[in-house]
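Participant: This structure is in structure tokens; I'll ask about it shortly.
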Amino acid sequence: MNKFLEYVPGDSLLHRMNPTAKLLAAMVFAIMCFCTSNLVILVAALVIGLVLARSCGMMRQTAGLMKAVAVFSIILAILLVFTTPAGAVLVPLPWGYIGTGSLIAAVTMIIRLEAAAIPLFLVFYVTKMTDMANAAVKNLHVPYKYAFTFMSTVHFIPVFMNDMKAIMEAQTSRGVRFDEGGLANKVRLMVPLCVPLLVSSVRKTNSAAIAAEVRGFNLRTRACGYKEYPFAGADIATLVASVALLVVAIAL
Amino acid sequence: MIKIENLTFRYRESEEPALHDINLTIPDGTFVGVTGAAGSGKSTLTYALNGIIPHCYPGDFYGSVTVEGKDTCEVNLTDLSCVVGSVCQDIDSQMVASIVEDEVLYGLENFGVPHDEIPARVDQALADMGIADLRDRMIASLSGGQKQKVAIAAILAMNPKVLVLDEPTAELDPASSLSVFRLLERYARQHGTTVVVVEQKIALMAQFADMLVIMEHGGIRYAAAPAEVLAHSDDLLRIGVNCPRVTTLVNRLRADGVYAGPACRNVEEARDAVLEVLA
């Protein structure tokens with residue numbers, strides 16, 4: 001699996017599409033998933049997401065995402081089962097009951113979260129972060145400072161993760177046993193390491209700000225971007241299709 | 001031209017000045033190597049040249065630093081950046097893009113280089129650093145040495161009149177370090193660029209630099225042509241700067257009165273000196 005939000009090179013349609021169109025369509029698609037409880041539409045949305053993942057060769061990575069989302073959504077689904085008494089009674093509870101409606105709501109919740117997450121996940125992995133930020137500046141007139149802040153945040157996540165790994169390895173070599181005693185012990189041992197990580201993060205962030213400034217960051221305007229991000233037929237079609245799906249989902 | 005007059009700087013959080021009584025004049029097109037023991041003020045000297053002090057790190061700043069006629073205290077960091085290109089010590093922090101080409105584009109876009117000039121500038125910078133084949137690579141997938149070259153290419157693309165590099169070969173093996181210095185020297189000669197390099201590798205700097213600056217406790221101990229500076233190898237060793245072995249050898253011959261020529265900078269010069277003595 002690639003590092004967090006690290007671009008996966010490729011030449012699929014999804015790779016070649018306008019970054020703004022991709023992002024907007026994925027967001028509309030996610031909103032659509034939350035606007036409907038129709039299981040058929042949600043299953044269709046999930047299938048569309050998987051087809052998209054297949055088209056850009058990201059099935060393995062998508063399976064990883066689905067596992068992660070499943071863990072989170074199953075916790076929510078269990079809560080839903082015990083707190084949403086609906087449909088025919090299956091198991092009576094002191095505060096209500098588990099019904100057929102509860103189970104449908106739980107399954108809907110899992111499918112909804114999976115379906116909403118996949119297109120957004122794909123967009124972030126098949127689009128260079130620089131293109132995403134520059135296209136947002138060019139097409140959506142987002143101020144460059146905000147786009148750069150977002151880009152830098154994403155850029156620094158793996159850097160800080162590497163720093164944390166290096167600090168943990170240094171501690172391990174001095175006898176700290178991160179691999180014993182389970183997750184709770186690991187978290188307990190990691191808490192004190194947040195201080196050196198914070199110090200290192202602040203230092204790196206400061207260096208990055210200086211490095212950007214000496215490369216003319218303050219001179220940047222919307223017109224400065226070299227690359228253009230025009231909307232092609234496929235981009236417009238995708239946007240129209242996503243809005244149409246949203247309308248259908250709300251209507252049904 | 002770079003002119004530093006009576007420069008003293010103390011960081012706000014520090015008791016002692018990081019630099020004191022610095023006077024240095026660097027003519028246009030000079031290749032300058034700066035070295036010294038850890039904490040001697042090398043990096044702070046580069047910050048003074050590219051305006052990071054006093055604009056980014058607050059402290060007490062006395063004296064003046066003029067780069068290409070611009071007083072670094074009077075112009076802002078962005079205006080100074082149009083003249084001075086800087087490669088920082090922490091390469092990972094300097095990178096803003098995920099792809100090599102985008103990294104080189106960044107400065108060109110910001111400084112408003114006409115769009116029709118940009119492709120040629122990117123091509124040239126990548127070719128100058130010998131990394132044209134890395135153009136579409138993810139920066140995260142590069143080695144430390146390749147990242148250093150990308151960082152330098154990103155600055156070279158902006159055609160700065162002055163290039164300030166803080167330990168640009170810190171993560172490189174000897175062969176790659178030599179290659180970077182060769183590329184820098186060739187670039188500087190071709191474009192008439194003034195280059196100031198902070199490095200620990202004195203043998204490399206002695207080979208390529210027109211002027212060596214040796215820092216000690218925030219002051220300048222020596223600032224002269226390499227042969228002149230290397231003649232003081234015993235004193236350099238005392239302040240924590242190791243000279244090349246061949247320099248030490250020839251200096252011993254000089255001290256014993258066996259050889260009267262200048263201090264040597266590399267094996268070839270040492271060989272000539274020894275042959276002269278034997279003859």
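Labels for the structure tokens follow display order: chains A, B, ..., residues from 1 in each chain, ligands from 1.
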Output as a PyMOL selection string the set of chain A residues within 8 Å of chain B, with distances taken over only C-alpha atoms.
Facilitator: chain A and resi 7+128-130+151-152+155+159+204-205+207-208+210-221+224-226
Participant: Report as a list in words all protein, DNA and RNA residues lying within 8 Å of segment 107-111 of chain A, evaluated on only C-alpha atoms, omitting residues in the same chain fewer than 6 positions from it.
Facilitator: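 Non-adjacent residues within range: Ser37, Leu39, Leu42, Val43, Leu46, Ala70, Ser73, Ile74, Leu76 and Ala77 of chain A.
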Participant: Grab the residues selected above and save them as an mmCIF file, in the first residue's frame with C-alpha atoms.
Facilitator:
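Once everything was written out, this is result.cif:
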data_model
loop_
_atom_site.group_PDB
_atom_site.id
_atom_site.type_symbol
_atom_site.label_atom_id
_atom_site.label_comp_id
_atom_site.auth_asym_id
_atom_site.auth_seq_id
_atom_site.Cartn_x
_atom_site.Cartn_y
_atom_site.Cartn_z
ATOM 1 C CA SER A 37 -31.479 5.194 2.504
ATOM 2 C CA LEU A 39 -30.440 0.087 -0.384
ATOM 3 C CA LEU A 42 -26.439 2.471 -2.266
ATOM 4 C CA VAL A 43 -25.445 -0.944 -3.604
ATOM 5 C CA LEU A 46 -20.827 0.818 -4.188
ATOM 6 C CA ALA A 70 -15.618 -1.620 7.638
ATOM 7 C CA SER A 73 -18.760 1.331 10.204
ATOM 8 C CA ILE A 74 -19.339 -1.987 11.977
ATOM 9 C CA LEU A 76 -21.501 2.349 14.223
ATOM 10 C CA ALA A 77 -23.736 -0.434 12.873
#
Participant: Atom CA of Ser179 of chain B and atom CA of Val32 of chain B, how far apart in Å?
Facilitator: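 Value for the atom CA of Val32 of chain B-atom CA of Ser179 of chain B distance: 17.2 Å.
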Participant: Of the residues A:Ala209, A:Gln171, A:Met32, A:Lys22, which is the one nearest to Ala249 of chain A, using only C-alpha atoms?
Facilitator: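 Going through A:Ala209, A:Gln171, A:Met32, A:Lys22 one by one, the smallest distance to Ala249 of chain A is for A:Met32.
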Participant: Could you give me, as an MDAnalysis selection string, each residue of segment 1-206 of chain B that DSSP assigns to alpha helix (DSSP H) when run on this structure's backbone?
Facilitator: chainID B and resid 42:50 52:55 77:81 91:94 100:110 118:128 144:156 174:191 202:206
Participant: Just the residues within 9 Å of Gly145 of chain B, please, counting only C-alpha atoms, with nothing from its chain fewer than 6 positions along; format it as a PyMOL selection string.
Facilitator: chain B and resi 169-173+176-177
Participant: According to DSSP computed on the backbone, where in segment 75-216 of chain A is there strand (DSSP E or B)? Give the residues as an MDAnalysis selection string.
Facilitator: chainID A and resid 89:93 96:99
Participant: Could you jot down the atom CA of Pro143 of chain A to atom CA of Asp131 of chain A separation for me, Å, one decimal place?
Facilitator: 14.6 Å
Participant: For His141 of chain A, which residue among A:Val202, A:Ala223, A:Leu239, A:Leu13 is the nearest when counting only C-alpha atoms?
Facilitator: A:Ala223
Participant: Write out as a ChimeraX atom specification each polymer residue whose atoms come within 10 Å of Ala251 of chain A, counting only C-alpha atoms; drop sequence neighbours fewer than 3 positions from it.
Facilitator: /A:35-36,245-248
Participant: What's the 7 Å shell around segment 182-197 of chain B, counting only C-alpha atoms, without same-chain residues fewer than 3 positions away, as an MDAnalysis selection string?
Facilitator: chainID B and resid 28:34 128:129 161:167 178:179 208
Participant: Take the residues that were just selected and, keeping C-alpha atoms, output them as a CSV table (one decimal), in the first residue's frame.
Facilitator:
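Writing done, so here's again.csv:
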chain,number,residue,atom,x,y,z
B,28,ASP,CA,30.8,38.7,-8.7
B,29,GLY,CA,31.2,35.2,-10.1
B,30,THR,CA,33.3,34.0,-7.2
B,31,PHE,CA,32.9,30.4,-5.9
B,32,VAL,CA,33.2,30.6,-2.1
B,33,GLY,CA,33.6,27.7,0.2
B,34,VAL,CA,32.7,28.3,3.9
B,128,ASP,CA,22.4,21.1,-15.5
B,129,MET,CA,22.0,18.9,-12.4
B,161,LYS,CA,22.7,35.9,-9.5
B,162,VAL,CA,23.9,34.5,-6.1
B,163,LEU,CA,23.5,30.9,-5.0
B,164,VAL,CA,23.7,30.1,-1.3
B,165,LEU,CA,23.9,26.4,-0.4
B,166,ASP,CA,24.0,25.1,3.1
B,167,GLU,CA,25.7,21.6,3.1
B,178,LEU,CA,32.3,15.5,-6.5
B,179,SER,CA,29.7,15.4,-9.2
B,208,PHE,CA,36.7,24.0,-6.6
Participant: Using only C-alpha atoms, find the one residue out of A:Gly99, A:Ile167, A:Leu80, A:Thr238 that sits nearest to Pro192 of chain A.
Facilitator: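 Ranking A:Gly99, A:Ile167, A:Leu80, A:Thr238 by distance to Pro192 of chain A, first place goes to A:Ile167.
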Participant: Near segment 7-12 of chain B, counting only C-alpha atoms, which residues have an atom at most 8 Å away, once you skip same-chain residues fewer than 4 positions from it, shown as a list in words?
Facilitator: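 These residues fall inside the cut-off: Glu16, Pro17, Ala18, Leu19, His20, Asp21, Ile22, Asn23, Tyr57, Pro58, Gly59, Asp60, Phe61, Tyr62, Gly63, Ser64 and Val65 of chain B.
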Participant: Mind dumping the selected residues with C-alpha atoms as a PDB file, in the first residue's frame?
Facilitator:
ATOM      1  CA  GLU B  16      26.432  34.912  22.802  1.00  0.00           C
ATOM      2  CA  PRO B  17      26.452  36.350  19.282  1.00  0.00           C
ATOM      3  CA  ALA B  18      26.334  33.700  16.547  1.00  0.00           C
ATOM      4  CA  LEU B  19      28.360  36.018  14.306  1.00  0.00           C
ATOM      5  CA  HIS B  20      30.638  38.852  15.321  1.00  0.00           C
ATOM      6  CA  ASP B  21      32.678  41.460  13.497  1.00  0.00           C
ATOM      7  CA  ILE B  22      32.315  39.832  10.096  1.00  0.00           C
ATOM      8  CA  ASN B  23      33.865  41.750   7.213  1.00  0.00           C
ATOM      9  CA  TYR B  57      14.931  34.718  12.906  1.00  0.00           C
ATOM     10  CA  PRO B  58      14.686  37.679  15.267  1.00  0.00           C
ATOM     11  CA  GLY B  59      17.719  38.939  17.136  1.00  0.00           C
ATOM     12  CA  ASP B  60      20.185  41.814  17.435  1.00  0.00           C
ATOM     13  CA  PHE B  61      21.617  42.657  14.039  1.00  0.00           C
ATOM     14  CA  TYR B  62      24.502  45.121  13.741  1.00  0.00           C
ATOM     15  CA  GLY B  63      26.437  46.130  10.648  1.00  0.00           C
ATOM     16  CA  SER B  64      25.291  45.629   7.075  1.00  0.00           C
ATOM     17  CA  VAL B  65      25.044  42.970   4.395  1.00  0.00           C
TER      18      VAL B  65
END
Participant: Have a look at A:Ala166, A:Leu90, A:Val187, A:Ala133 and name the one nearest to Val154 of chain A; count only C-alpha atoms.
Facilitator: A:Ala133
Participant: Measuring between only C-alpha atoms, which one of A:Pro9, A:Asn18, A:Phe124, A:Asn134 shows the shortest distance to Tyr146 of chain A?
Facilitator: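 When distances to Tyr146 of chain A are compared using only C-alpha atoms, the smallest one comes from A:Asn134.
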Participant: Which neighbours of Ala153 of chain B fall inside 9 Å, counting only C-alpha atoms, when residues of the same chain fewer than 2 positions from it are skipped, and could you give them as a count of residues only?
Facilitator: 17
